[in-house]
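Below is target-v5.cif, which holds mmCIF, C-alpha atoms.
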```cif
data_coords
loop_
_atom_site.label_atom_id
_atom_site.label_comp_id
_atom_site.auth_asym_id
_atom_site.auth_seq_id
_atom_site.Cartn_x
_atom_site.Cartn_y
_atom_site.Cartn_z
CA MET A 15 -127.21 18.30 -37.28
CA PHE A 16 -128.76 14.90 -36.54
CA SER A 17 -132.29 16.31 -36.41
CA SER A 18 -132.06 17.40 -40.06
CA LEU A 19 -131.51 13.74 -41.03
CA MET A 20 -134.60 12.54 -39.16
CA PRO A 21 -138.20 12.41 -40.45
CA ASP A 22 -140.68 15.02 -39.27
CA VAL A 23 -141.78 14.80 -35.64
CA ALA A 24 -145.55 14.60 -35.97
CA SER A 25 -146.77 12.83 -32.82
CA THR A 26 -146.30 12.91 -29.08
CA GLN A 27 -144.76 9.43 -29.20
CA ALA A 28 -142.26 10.53 -31.85
CA ALA A 29 -140.77 13.16 -29.54
CA LYS A 30 -140.30 10.58 -26.75
CA THR A 31 -138.80 8.06 -29.17
CA ASP A 32 -136.34 10.62 -30.53
CA THR A 33 -135.27 11.65 -27.02
CA LEU A 34 -134.52 8.03 -26.16
CA PHE A 35 -132.78 7.47 -29.50
CA PHE A 36 -130.46 10.46 -29.15
CA ALA A 37 -129.71 9.59 -25.51
CA LEU A 38 -128.66 6.08 -26.52
CA LEU A 39 -126.72 7.43 -29.49
CA GLY A 40 -124.88 9.92 -27.30
CA LEU A 41 -124.06 7.34 -24.62
CA SER A 42 -122.89 4.81 -27.23
CA SER A 43 -120.72 7.45 -28.93
CA ALA A 44 -119.15 8.42 -25.59
CA ILE A 45 -118.33 4.78 -24.79
CA ILE A 46 -116.85 4.19 -28.25
CA LEU A 47 -114.77 7.37 -27.93
CA LEU A 48 -113.51 6.32 -24.48
CA VAL A 49 -112.53 2.86 -25.74
CA LEU A 50 -110.73 4.32 -28.76
CA VAL A 51 -108.80 6.77 -26.59
CA LEU A 52 -107.78 4.02 -24.17
CA VAL A 53 -106.74 1.69 -26.99
CA ALA A 54 -104.67 4.43 -28.62
CA THR A 55 -103.11 5.45 -25.29
CA PHE A 56 -102.16 1.92 -24.30
CA ALA A 57 -100.91 1.10 -27.82
CA ILE A 58 -98.55 4.06 -27.70
CA ARG A 59 -97.50 3.78 -24.03
CA TYR A 60 -96.88 0.05 -24.05
CA ARG A 61 -95.56 -0.29 -27.56
CA ARG A 62 -92.58 -2.55 -28.16
CA GLY A 63 -89.38 -0.86 -27.05
CA SER A 64 -91.02 1.70 -24.74
CA ARG A 65 -89.68 2.16 -21.20
CA ALA A 66 -93.14 2.00 -19.57
CA ASN A 67 -93.24 0.02 -16.32
CA ARG A 68 -94.90 -3.32 -16.97
CA GLY A 69 -94.19 -4.86 -13.60
CA SER A 70 -97.26 -3.59 -11.67
CA LEU A 71 -100.73 -2.23 -12.35
CA PRO A 72 -101.26 1.53 -12.17
CA PRO A 73 -103.14 2.81 -9.07
CA ILE A 74 -106.24 3.61 -11.14
CA LEU A 75 -106.80 -0.11 -11.73
CA SER A 76 -107.30 -0.86 -8.04
CA ARG A 77 -110.01 -3.21 -6.77
CA GLU A 78 -112.12 -0.28 -5.55
CA PHE A 79 -112.01 1.30 -8.99
CA GLU A 80 -113.04 -1.98 -10.64
CA ILE A 81 -116.01 -2.35 -8.29
CA GLY A 82 -116.99 1.28 -8.82
CA TRP A 83 -117.09 1.28 -12.60
CA THR A 84 -118.79 -2.14 -12.68
CA ALA A 85 -121.54 -0.92 -10.34
CA THR A 86 -121.93 2.31 -12.36
CA THR A 87 -122.28 0.33 -15.60
CA LEU A 88 -124.94 -1.88 -14.01
CA PHE A 89 -126.88 1.16 -12.74
CA VAL A 90 -126.77 2.83 -16.18
CA PHE A 91 -127.97 -0.39 -17.83
CA LEU A 92 -130.90 -0.78 -15.41
CA PHE A 93 -131.86 2.87 -15.90
CA LEU A 94 -131.83 2.56 -19.69
CA PHE A 95 -133.82 -0.69 -19.51
CA TRP A 96 -136.46 0.99 -17.32
CA TRP A 97 -136.60 4.10 -19.53
CA ALA A 98 -136.92 2.21 -22.82
CA GLY A 99 -139.29 -0.38 -21.36
CA SER A 100 -141.65 2.15 -19.77
CA SER A 101 -141.66 4.21 -22.98
CA GLN A 102 -142.59 1.20 -25.10
CA LEU A 103 -145.20 -0.12 -22.67
CA SER A 104 -146.91 3.26 -22.41
CA ALA A 105 -147.36 3.19 -26.18
CA LEU A 106 -149.36 -0.04 -25.99
CA ALA A 107 -152.40 1.23 -24.10
CA PRO A 108 -154.41 3.98 -25.85
CA PRO A 109 -156.21 6.61 -23.76
CA LYS A 110 -159.83 5.84 -22.97
CA ASP A 111 -161.04 8.83 -24.98
CA ALA A 112 -159.22 7.74 -28.17
CA ILE A 113 -161.27 7.66 -31.36
CA GLU A 114 -161.33 4.29 -33.10
CA ILE A 115 -160.29 3.65 -36.70
CA HIS A 116 -160.16 0.17 -38.27
CA VAL A 117 -157.45 -0.76 -40.74
CA VAL A 118 -157.49 -3.75 -43.10
CA ALA A 119 -154.32 -4.52 -45.07
CA LYS A 120 -154.56 -6.26 -48.43
CA GLN A 121 -152.11 -6.87 -51.24
CA TRP A 122 -151.38 -4.11 -52.00
CA MET A 123 -153.41 -1.42 -50.28
CA TRP A 124 -154.54 -0.04 -46.93
CA LYS A 125 -158.29 0.12 -46.28
CA THR A 126 -159.42 2.27 -43.36
CA GLN A 127 -162.85 2.79 -41.83
CA HIS A 128 -163.87 5.46 -39.35
CA SER A 129 -166.38 5.04 -36.54
CA ASN A 130 -169.19 6.60 -38.58
CA GLY A 131 -168.66 4.18 -41.46
CA ALA A 132 -166.59 6.50 -43.70
CA ARG A 133 -164.07 4.49 -45.70
CA GLU A 134 -160.75 5.36 -47.31
CA ILE A 135 -158.18 3.54 -49.42
CA ASN A 136 -154.47 4.31 -48.89
CA GLU A 137 -155.38 7.36 -46.79
CA LEU A 138 -156.13 7.98 -43.17
CA HIS A 139 -157.52 11.32 -42.01
CA ALA A 140 -157.12 12.10 -38.32
CA PRO A 141 -157.54 15.14 -36.05
CA LEU A 142 -154.70 17.07 -34.44
CA GLY A 143 -154.21 16.59 -30.70
CA VAL A 144 -156.73 13.75 -30.38
CA PRO A 145 -155.65 10.18 -29.54
CA VAL A 146 -156.42 7.73 -32.34
CA ARG A 147 -156.66 3.98 -31.73
CA LEU A 148 -155.94 1.78 -34.74
CA ILE A 149 -157.36 -1.76 -34.80
CA MET A 150 -155.71 -3.65 -37.63
CA THR A 151 -155.87 -6.97 -39.42
CA SER A 152 -154.78 -8.41 -42.77
CA GLN A 153 -156.74 -10.23 -45.46
CA ASP A 154 -153.76 -12.15 -46.84
CA ALA A 155 -150.07 -11.85 -45.96
CA ILE A 156 -148.21 -10.24 -43.06
CA HIS A 157 -147.94 -6.47 -43.53
CA SER A 158 -146.45 -3.76 -41.34
CA PHE A 159 -148.12 -0.40 -40.74
CA PHE A 160 -145.26 2.11 -40.73
CA MET A 161 -145.60 5.88 -40.19
CA PRO A 162 -142.06 7.31 -39.97
CA ALA A 163 -143.13 10.79 -38.86
CA PHE A 164 -145.06 9.22 -35.97
CA ARG A 165 -142.28 6.71 -35.13
CA ILE A 166 -144.84 3.91 -35.29
CA LYS A 167 -144.41 0.52 -36.93
CA LYS A 168 -146.82 -2.31 -36.13
CA ASP A 169 -147.14 -5.69 -37.80
CA VAL A 170 -150.57 -6.42 -39.31
CA LEU A 171 -151.33 -10.13 -39.24
CA PRO A 172 -153.87 -12.30 -41.06
CA GLY A 173 -156.38 -13.91 -38.72
CA ARG A 174 -155.49 -11.68 -35.77
CA TYR A 175 -156.05 -8.17 -34.48
CA THR A 176 -153.14 -5.91 -33.64
CA GLU A 177 -153.46 -2.45 -32.16
CA THR A 178 -151.48 0.74 -31.89
CA TRP A 179 -152.32 4.38 -31.27
CA PHE A 180 -150.97 7.85 -31.87
CA GLU A 181 -151.70 11.46 -31.06
CA ALA A 182 -150.73 13.84 -33.85
CA SER A 183 -148.84 16.96 -32.84
CA LYS A 184 -148.37 18.54 -36.27
CA LEU A 185 -150.67 19.41 -39.16
CA GLY A 186 -149.84 18.14 -42.62
CA VAL A 187 -149.63 15.10 -44.87
CA PHE A 188 -147.26 12.30 -43.90
CA HIS A 189 -146.08 9.04 -45.44
CA LEU A 190 -147.56 5.62 -44.76
CA PHE A 191 -145.59 2.54 -45.82
CA CYS A 192 -145.72 -1.21 -45.57
CA ALA A 193 -142.48 -2.21 -43.85
CA GLU A 194 -142.84 -5.98 -44.29
CA PHE A 195 -142.17 -7.60 -47.65
CA CYS A 196 -145.61 -8.82 -48.72
CA GLY A 197 -145.33 -9.75 -52.38
CA THR A 198 -144.60 -8.48 -55.86
CA ASP A 199 -145.95 -4.94 -55.42
CA HIS A 200 -144.81 -4.46 -51.84
CA SER A 201 -142.94 -1.27 -52.77
CA ARG A 202 -146.16 0.23 -54.15
CA MET A 203 -148.15 -0.31 -50.95
CA LEU A 204 -148.04 3.36 -50.02
CA GLY A 205 -150.48 5.72 -48.36
CA ARG A 206 -150.94 9.12 -46.72
CA ILE A 207 -151.73 10.22 -43.18
CA VAL A 208 -153.63 13.52 -43.33
CA ILE A 209 -153.67 15.43 -40.05
CA MET A 210 -156.31 18.16 -39.79
CA THR A 211 -157.59 20.48 -37.10
CA PRO A 212 -160.45 18.91 -35.11
CA GLU A 213 -162.90 21.32 -36.76
CA ASP A 214 -161.70 20.50 -40.28
CA TYR A 215 -161.71 16.79 -39.47
CA ALA A 216 -165.33 16.99 -38.27
CA ARG A 217 -166.33 18.78 -41.48
CA TRP A 218 -164.43 16.25 -43.59
CA LEU A 219 -166.07 13.33 -41.77
CA THR A 220 -169.53 14.85 -42.26
CA ALA A 221 -168.90 15.33 -45.97
CA GLN A 222 -168.06 11.67 -46.59
CA PRO A 223 -170.63 9.36 -48.23
CA GLU A 224 -173.22 8.32 -45.69
CA GLY A 225 -172.96 4.85 -44.24
CA ASP A 226 -173.75 3.00 -41.07
CA ASP A 227 -171.10 2.93 -38.42
CA LEU A 228 -169.41 -0.37 -37.62
CA ALA A 229 -171.71 -1.20 -34.71
CA HIS A 230 -174.82 -0.69 -36.86
CA GLU A 231 -173.32 -2.77 -39.65
CA GLY A 232 -172.54 -5.48 -37.12
CA ALA A 233 -176.10 -5.36 -35.77
CA ALA A 234 -177.46 -5.92 -39.27
CA LEU A 235 -175.03 -8.80 -39.86
CA PHE A 236 -175.96 -10.27 -36.49
CA ALA A 237 -179.53 -10.58 -37.70
CA THR A 238 -178.95 -11.56 -41.35
CA ARG A 239 -176.38 -14.24 -40.48
CA GLY A 240 -178.79 -15.82 -37.99
CA CYS A 241 -176.73 -15.08 -34.88
CA SER A 242 -179.78 -13.77 -33.02
CA GLY A 243 -181.50 -17.09 -33.60
CA CYS A 244 -179.28 -18.59 -30.90
CA HIS A 245 -177.97 -15.66 -28.87
CA ALA A 246 -181.27 -13.86 -28.23
CA PRO A 247 -182.88 -14.34 -24.79
CA SER A 248 -185.92 -16.07 -26.30
CA SER A 249 -183.89 -18.53 -28.36
CA PRO A 250 -184.59 -22.24 -27.70
CA VAL A 251 -180.87 -22.97 -28.29
CA HIS A 252 -178.72 -22.98 -25.18
CA ALA A 253 -176.27 -20.28 -26.29
CA PRO A 254 -174.79 -17.32 -24.38
CA ASN A 255 -176.28 -13.85 -24.54
CA LEU A 256 -173.78 -11.16 -25.47
CA ALA A 257 -174.95 -7.92 -23.85
CA GLY A 258 -172.36 -6.72 -21.36
CA LEU A 259 -169.87 -9.37 -22.47
CA TYR A 260 -167.10 -7.18 -23.86
CA GLY A 261 -164.28 -6.55 -21.38
CA ARG A 262 -165.51 -9.11 -18.88
CA THR A 263 -163.63 -12.11 -17.53
CA VAL A 264 -165.10 -15.36 -18.88
CA GLN A 265 -164.81 -18.77 -17.24
CA LEU A 266 -164.05 -21.53 -19.74
CA ALA A 267 -165.04 -25.17 -19.64
CA ASP A 268 -161.42 -26.30 -19.10
CA GLY A 269 -161.03 -24.13 -16.01
CA ARG A 270 -159.16 -21.26 -17.64
CA THR A 271 -160.36 -17.66 -17.64
CA VAL A 272 -160.01 -15.17 -20.48
CA THR A 273 -160.90 -11.53 -21.06
CA ALA A 274 -163.52 -10.97 -23.74
CA ASP A 275 -161.57 -8.49 -25.87
CA ASP A 276 -161.47 -7.96 -29.64
CA ALA A 277 -159.05 -10.84 -30.26
CA TYR A 278 -161.07 -13.28 -28.14
CA ILE A 279 -164.35 -12.42 -29.87
CA ARG A 280 -162.72 -12.81 -33.29
CA ASP A 281 -161.30 -16.19 -32.31
CA SER A 282 -164.71 -17.23 -31.00
CA ILE A 283 -166.25 -16.51 -34.39
CA LEU A 284 -163.54 -18.27 -36.40
CA GLN A 285 -162.54 -21.06 -33.98
CA PRO A 286 -165.58 -21.63 -31.74
CA GLY A 287 -164.40 -24.98 -30.42
CA ARG A 288 -161.15 -23.70 -28.92
CA ASP A 289 -162.33 -21.73 -25.85
CA VAL A 290 -165.77 -23.05 -24.90
CA VAL A 291 -167.58 -21.22 -22.11
CA ALA A 292 -168.31 -23.17 -18.95
CA GLY A 293 -171.87 -24.49 -18.95
CA TYR A 294 -172.28 -24.60 -22.74
CA GLU A 295 -171.71 -27.22 -25.41
CA ALA A 296 -169.30 -26.73 -28.31
CA ILE A 297 -171.90 -26.83 -31.10
CA MET A 298 -171.31 -23.45 -32.75
CA PRO A 299 -170.04 -23.70 -36.37
CA SER A 300 -166.99 -21.84 -37.59
CA PHE A 301 -167.48 -18.72 -39.70
CA ALA A 302 -163.94 -18.79 -41.11
CA SER A 303 -165.05 -19.30 -44.72
CA ILE A 304 -168.30 -17.34 -44.40
CA LEU A 305 -167.40 -13.89 -43.07
CA SER A 306 -164.86 -11.44 -44.47
CA ASP A 307 -162.44 -9.56 -42.23
CA GLY A 308 -164.54 -6.43 -42.61
CA GLU A 309 -167.69 -8.27 -41.51
CA ILE A 310 -165.88 -9.73 -38.51
CA GLN A 311 -164.73 -6.24 -37.53
CA SER A 312 -168.33 -5.04 -37.72
CA LEU A 313 -169.59 -7.90 -35.55
CA VAL A 314 -166.87 -7.28 -32.98
CA ALA A 315 -167.78 -3.58 -32.94
CA TYR A 316 -171.44 -4.48 -32.40
CA ILE A 317 -170.66 -6.82 -29.49
CA ARG A 318 -168.37 -4.15 -28.04
CA SER A 319 -171.19 -1.62 -28.26
CA LEU A 320 -173.49 -3.94 -26.27
CA ALA A 321 -171.25 -3.40 -23.26
CA THR A 322 -171.86 0.37 -23.35
CA GLY A 323 -175.50 0.40 -24.41
CA GLN A 324 -174.67 2.05 -27.77
CA ALA A 325 -175.64 -0.80 -30.04
CA GLY A 326 -178.19 1.17 -31.99
CA ARG A 327 -180.59 -0.91 -33.96
CA GLY A 328 -180.36 -4.67 -33.89
CA PRO A 329 -181.58 -7.58 -31.80
CA ALA A 330 -182.10 -6.88 -28.14
CA LEU A 331 -179.89 -9.02 -25.92
CA ALA A 332 -180.03 -9.61 -22.23
CA PRO A 333 -176.82 -9.64 -20.20
CA GLY A 334 -174.94 -12.88 -20.57
CA ASN A 335 -171.45 -14.31 -20.63
CA ALA A 336 -170.36 -15.19 -24.11
CA ILE A 337 -170.16 -15.23 -27.88
CA GLU A 338 -171.20 -15.32 -31.44
CA GLY A 339 -173.74 -16.75 -33.79
CA ARG A 340 -174.39 -19.25 -36.55
CA PRO A 341 -175.66 -19.33 -40.12
CA SER A 342 -179.43 -19.51 -40.50
CA GLY A 343 -180.78 -23.02 -40.23
CA GLU A 344 -177.82 -24.39 -38.23
CA SER A 345 -177.77 -25.07 -34.53
CA ASP A 346 -175.47 -22.95 -32.48
CA GLY A 347 -173.32 -23.45 -29.51
CA ALA A 348 -171.19 -21.69 -27.17
CA LYS A 349 -168.13 -19.89 -26.45
CA PRO A 350 -167.96 -16.48 -25.38
#
```
Could the structure of this file be written out as structure tokens, please?
Amino acid sequence: MFSSLMPDVASTQAAKTDTLFFALLGLSSAIILLVLVLVATFAIRYRRGSRANRGSLPPILSREFEIGWTATTLFVFLFLFWWAGSSQLSALAPPKDAIEIHVVAKQWMWKTQHSNGAREINELHAPLGVPVRLIMTSQDAIHSFFMPAFRIKKDVLPGRYTETWFEASKLGVFHLFCAEFCGTDHSRMLGRIVIMTPEDYARWLTAQPEGDDLAHEGAALFATRGCSGCHAPSSPVHAPNLAGLYGRTVQLADGRTVTADDAYIRDSILQPGRDVVAGYEAIMPSFASILSDGEIQSLVAYIRSLATGQAGRGPALAPGNAIEGRPSGESDGAKP
């Protein structure tokens, strides 16, 4: 009966979420029913004028019974906490073989870009049975990427990257909503998730207008924005090289260490003076008013590709320990 009231189950995570939901619903219903029965029983038994013995507690309310049901309640709580926590934490880390799709939210639309450069607006095509990693950011207000059939809702924030992932388990077309009020036309910020067989998805991807993938776009930006003028091995400016940077632990000038992930690289481009790499001066300019969110995504993808040797065309970089570039004609500095 309850399943007919629920949205479609279209992902592996949705099935796990529903199992947890119905388990909690069943346990809560049983507790409510028990309390109601006890309240009704005691209200009738000990009503005014009844001959029930009120001078001593019934044997069932002994100290041993109190300890027993208290310990049982604690065990059930710890079990539910572990179950729900492990389920939620497992949904945070995508599998290593997940394909990558970038999402940019904007009043009032969803813009998506696949790894080969194919772009969509208010649609996201994905293959069945293949993990998909979504890297998301917003160009303006806070949005929330909500796919009911996948049981996924993730806030999309301006100036930050957020991530989620899913693995579709059902073919079809499913709803995409914004679940955070984001302005006048919030209710019209709708989209579709189109799940196809891997073969159909490959054909669809091939048929899309040709375009460079994100890493290639980032490589071109790296050169045109003058980043290579400081971050190339032959540069006279004392700035870090970026090859092999992504995923590494970076030592900062203030003694802290950070991991060079997507969020760190983005922050290094927009706020270069915040986390300066040890051994470098903080002379890199901010690109906050120069680069769009899409361009920053491309640059991050390019730097990520340098760690795997898949950068494609673009300036050759020797292994180093930190981050981004500068506009042409300006001196650059360091961060990773």
Checklist entry - Within 9 Å of range 212-218 of chain A, counting only C-alpha atoms, which residues qualify if same-chain residues fewer than 3 places away don't, as a list in words? => result His139, Ala140, Pro141, Leu142, Gly143, Val144, Ile209, Ala221 and Gln222 of chain A
Write to file, as a PDB file, keeping the file's coordinate frame, the residues of the selection just made, with C-alpha atoms.
```pdb
ATOM      1  CA  HIS A 139    -157.520  11.320 -42.010  1.00  0.00           C
ATOM      2  CA  ALA A 140    -157.120  12.100 -38.320  1.00  0.00           C
ATOM      3  CA  PRO A 141    -157.540  15.140 -36.050  1.00  0.00           C
ATOM      4  CA  LEU A 142    -154.700  17.070 -34.440  1.00  0.00           C
ATOM      5  CA  GLY A 143    -154.210  16.590 -30.700  1.00  0.00           C
ATOM      6  CA  VAL A 144    -156.730  13.750 -30.380  1.00  0.00           C
ATOM      7  CA  ILE A 209    -153.670  15.430 -40.050  1.00  0.00           C
ATOM      8  CA  ALA A 221    -168.900  15.330 -45.970  1.00  0.00           C
ATOM      9  CA  GLN A 222    -168.060  11.670 -46.590  1.00  0.00           C
TER      10      GLN A 222
END
```
Checklist entry - Mind telling me what the PyMOL selection byres ((chain A and resi 318) around 9) catches here, as a PyMOL selection string? => result chain A and resi 229+257-261+275-276+313-317+319-322+324-325
Item to check | Distance of CA of Met298 in chain A from CA of Ala253 in chain A, expressed in Å to one decimal place | outcome: 8.7 Å
Next on the checklist: At a cut-off of 7 Å, using only C-alpha atoms, what residues contact range 192-195 of chain A? Leave out same-chain residues fewer than 6 positions from it and give the result as a list in words.
Outcome noted: Ile156, His157, Ser158, Phe159, Phe160, Met203 and Leu204 of chain A
Checklist entry - Got a sec to resolve the PyMOL selection byres ((chain A and resi 170) around 12) on this structure and send the residues as a ChimeraX atom specification? => result /A:116-120,124,148-160,167-169,171-178,192-196
Checklist outcome for this item: Restricting to all atoms listed in the file, whichever of A:Glu137, A:Ala66, A:Ile310, A:Leu19 is closest to Ala233 in chain A is A:Ile310
Which centre and which edge lengths, in Å to one decimal, describe the axis-aligned box that holds all listed atoms of range 57-65 of chain A after 8 Å is added on each side, as lines of an AutoDock Vina configuration file?
```
center_x = -95.1
center_y = 0.8
center_z = -24.7
size_x = 27.5
size_y = 22.6
size_z = 23.0
```
Next on the checklist: Using all atoms listed in the file, can you tell me which of A:Pro223, A:Ala85, A:Lys184, A:Ala234 comes closest to Met210 in chain A?
Outcome noted: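 Comparing A:Pro223, A:Ala85, A:Lys184, A:Ala234 against Met210 in chain A, the winner is A:Lys184.
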Taking the file as shown, find all residues satisfying the PyMOL selection byres ((chain A and resi 189) around 10) and write them as a short mmCIF file (atom, residue, chain, number, x, y, z; two decimals) with C-alpha atoms, keeping the file's coordinate frame.
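The result, written out as out.cif:
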```
data_model
loop_
_atom_site.label_atom_id
_atom_site.label_comp_id
_atom_site.auth_asym_id
_atom_site.auth_seq_id
_atom_site.Cartn_x
_atom_site.Cartn_y
_atom_site.Cartn_z
CA PRO A 21 -138.20 12.41 -40.45
CA GLU A 137 -155.38 7.36 -46.79
CA PHE A 160 -145.26 2.11 -40.73
CA MET A 161 -145.60 5.88 -40.19
CA PRO A 162 -142.06 7.31 -39.97
CA ALA A 163 -143.13 10.79 -38.86
CA PHE A 164 -145.06 9.22 -35.97
CA VAL A 187 -149.63 15.10 -44.87
CA PHE A 188 -147.26 12.30 -43.90
CA LEU A 190 -147.56 5.62 -44.76
CA PHE A 191 -145.59 2.54 -45.82
CA LEU A 204 -148.04 3.36 -50.02
CA GLY A 205 -150.48 5.72 -48.36
CA ARG A 206 -150.94 9.12 -46.72
CA ILE A 207 -151.73 10.22 -43.18
CA VAL A 208 -153.63 13.52 -43.33
#
```
Next on the checklist: I'd like the interatomic distance between CA of Leu284 in chain A and CA of Phe301 in chain A, to a tenth of an Å.
Outcome noted: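 It comes out at 5.2 Å.
Nearest residue to Trp122 in chain A, choosing from A:Val53, A:Ile135, A:Ala28, A:Arg270 and counting all atoms listed in the file: A:Ile135.
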Next on the checklist: Could you tell me how far CA of Arg147 in chain A sits from CA of Ile113 in chain A, in Å to one decimal place?
Outcome noted: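 Distance reported for this atom pair: 5.9 Å.
Using all atoms listed in the file, the shortest contact distance between Trp96 in chain A and any of A:Val290, A:Gly269, A:Thr26, A:Leu34 is found at A:Leu34.
For the residues A:Leu38, A:Leu185, A:Leu219, A:Leu305, ranking by smallest atom-to-atom distance to Leu235 in chain A using all atoms listed in the file places A:Leu305 first.
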Item to check | From A:Val291, A:Ala132, A:Leu50, A:Ala296, residue lying nearest Leu266 in chain A [only C-alpha atoms] | outcome: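 The answer is A:Val291, which sits nearest to Leu266 in chain A.
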Can you take the partial range 292-307 of chain A, add N, CA, C and O atoms, and return it as an mmCIF file, in the coordinates of the input?
```
data_model
loop_
_atom_site.group_PDB
_atom_site.id
_atom_site.type_symbol
_atom_site.label_atom_id
_atom_site.label_comp_id
_atom_site.auth_asym_id
_atom_site.auth_seq_id
_atom_site.Cartn_x
_atom_site.Cartn_y
_atom_site.Cartn_z
ATOM 1 N N ALA A 292 -167.803 -22.210 -19.924
ATOM 2 C CA ALA A 292 -168.310 -23.170 -18.950
ATOM 3 C C ALA A 292 -169.832 -23.165 -18.950
ATOM 4 O O ALA A 292 -170.463 -22.110 -18.951
ATOM 5 N N GLY A 293 -170.425 -24.367 -18.985
ATOM 6 C CA GLY A 293 -171.870 -24.490 -18.950
ATOM 7 C C GLY A 293 -172.523 -24.573 -20.304
ATOM 8 O O GLY A 293 -173.754 -24.661 -20.388
ATOM 9 N N TYR A 294 -171.724 -24.551 -21.387
ATOM 10 C CA TYR A 294 -172.280 -24.600 -22.740
ATOM 11 C C TYR A 294 -171.583 -25.705 -23.538
ATOM 12 O O TYR A 294 -170.445 -26.068 -23.250
ATOM 13 N N GLU A 295 -172.284 -26.204 -24.540
ATOM 14 C CA GLU A 295 -171.710 -27.220 -25.410
ATOM 15 C C GLU A 295 -171.042 -26.565 -26.622
ATOM 16 O O GLU A 295 -171.454 -25.502 -27.076
ATOM 17 N N ALA A 296 -170.050 -27.244 -27.145
ATOM 18 C CA ALA A 296 -169.300 -26.730 -28.310
ATOM 19 C C ALA A 296 -169.996 -27.126 -29.597
ATOM 20 O O ALA A 296 -169.538 -27.996 -30.341
ATOM 21 N N ILE A 297 -171.134 -26.484 -29.895
ATOM 22 C CA ILE A 297 -171.900 -26.830 -31.100
ATOM 23 C C ILE A 297 -171.973 -25.684 -32.097
ATOM 24 O O ILE A 297 -172.647 -25.797 -33.113
ATOM 25 N N MET A 298 -171.276 -24.574 -31.819
ATOM 26 C CA MET A 298 -171.310 -23.450 -32.750
ATOM 27 C C MET A 298 -170.411 -23.726 -33.958
ATOM 28 O O MET A 298 -169.280 -24.181 -33.804
ATOM 29 N N PRO A 299 -170.883 -23.485 -35.181
ATOM 30 C CA PRO A 299 -170.040 -23.700 -36.370
ATOM 31 C C PRO A 299 -169.035 -22.571 -36.548
ATOM 32 O O PRO A 299 -169.218 -21.468 -36.048
ATOM 33 N N SER A 300 -167.983 -22.867 -37.281
ATOM 34 C CA SER A 300 -166.990 -21.840 -37.590
ATOM 35 C C SER A 300 -167.473 -20.959 -38.736
ATOM 36 O O SER A 300 -168.114 -21.422 -39.669
ATOM 37 N N PHE A 301 -167.132 -19.672 -38.654
ATOM 38 C CA PHE A 301 -167.480 -18.720 -39.700
ATOM 39 C C PHE A 301 -166.260 -18.341 -40.541
ATOM 40 O O PHE A 301 -166.278 -17.333 -41.238
ATOM 41 N N ALA A 302 -165.201 -19.148 -40.457
ATOM 42 C CA ALA A 302 -163.940 -18.790 -41.110
ATOM 43 C C ALA A 302 -164.091 -18.604 -42.611
ATOM 44 O O ALA A 302 -163.459 -17.724 -43.199
ATOM 45 N N SER A 303 -164.904 -19.397 -43.270
ATOM 46 C CA SER A 303 -165.050 -19.300 -44.720
ATOM 47 C C SER A 303 -166.336 -18.570 -45.128
ATOM 48 O O SER A 303 -166.690 -18.543 -46.307
ATOM 49 N N ILE A 304 -167.012 -17.985 -44.140
ATOM 50 C CA ILE A 304 -168.300 -17.340 -44.400
ATOM 51 C C ILE A 304 -168.209 -15.822 -44.308
ATOM 52 O O ILE A 304 -168.763 -15.104 -45.137
ATOM 53 N N LEU A 305 -167.478 -15.332 -43.314
ATOM 54 C CA LEU A 305 -167.400 -13.890 -43.070
ATOM 55 C C LEU A 305 -166.062 -13.334 -43.546
ATOM 56 O O LEU A 305 -165.017 -13.973 -43.392
ATOM 57 N N SER A 306 -166.094 -12.146 -44.109
ATOM 58 C CA SER A 306 -164.860 -11.440 -44.470
ATOM 59 C C SER A 306 -164.289 -10.761 -43.236
ATOM 60 O O SER A 306 -164.949 -10.649 -42.194
ATOM 61 N N ASP A 307 -163.048 -10.279 -43.354
ATOM 62 C CA ASP A 307 -162.440 -9.560 -42.230
ATOM 63 C C ASP A 307 -163.228 -8.318 -41.869
ATOM 64 O O ASP A 307 -163.367 -7.981 -40.697
#
```
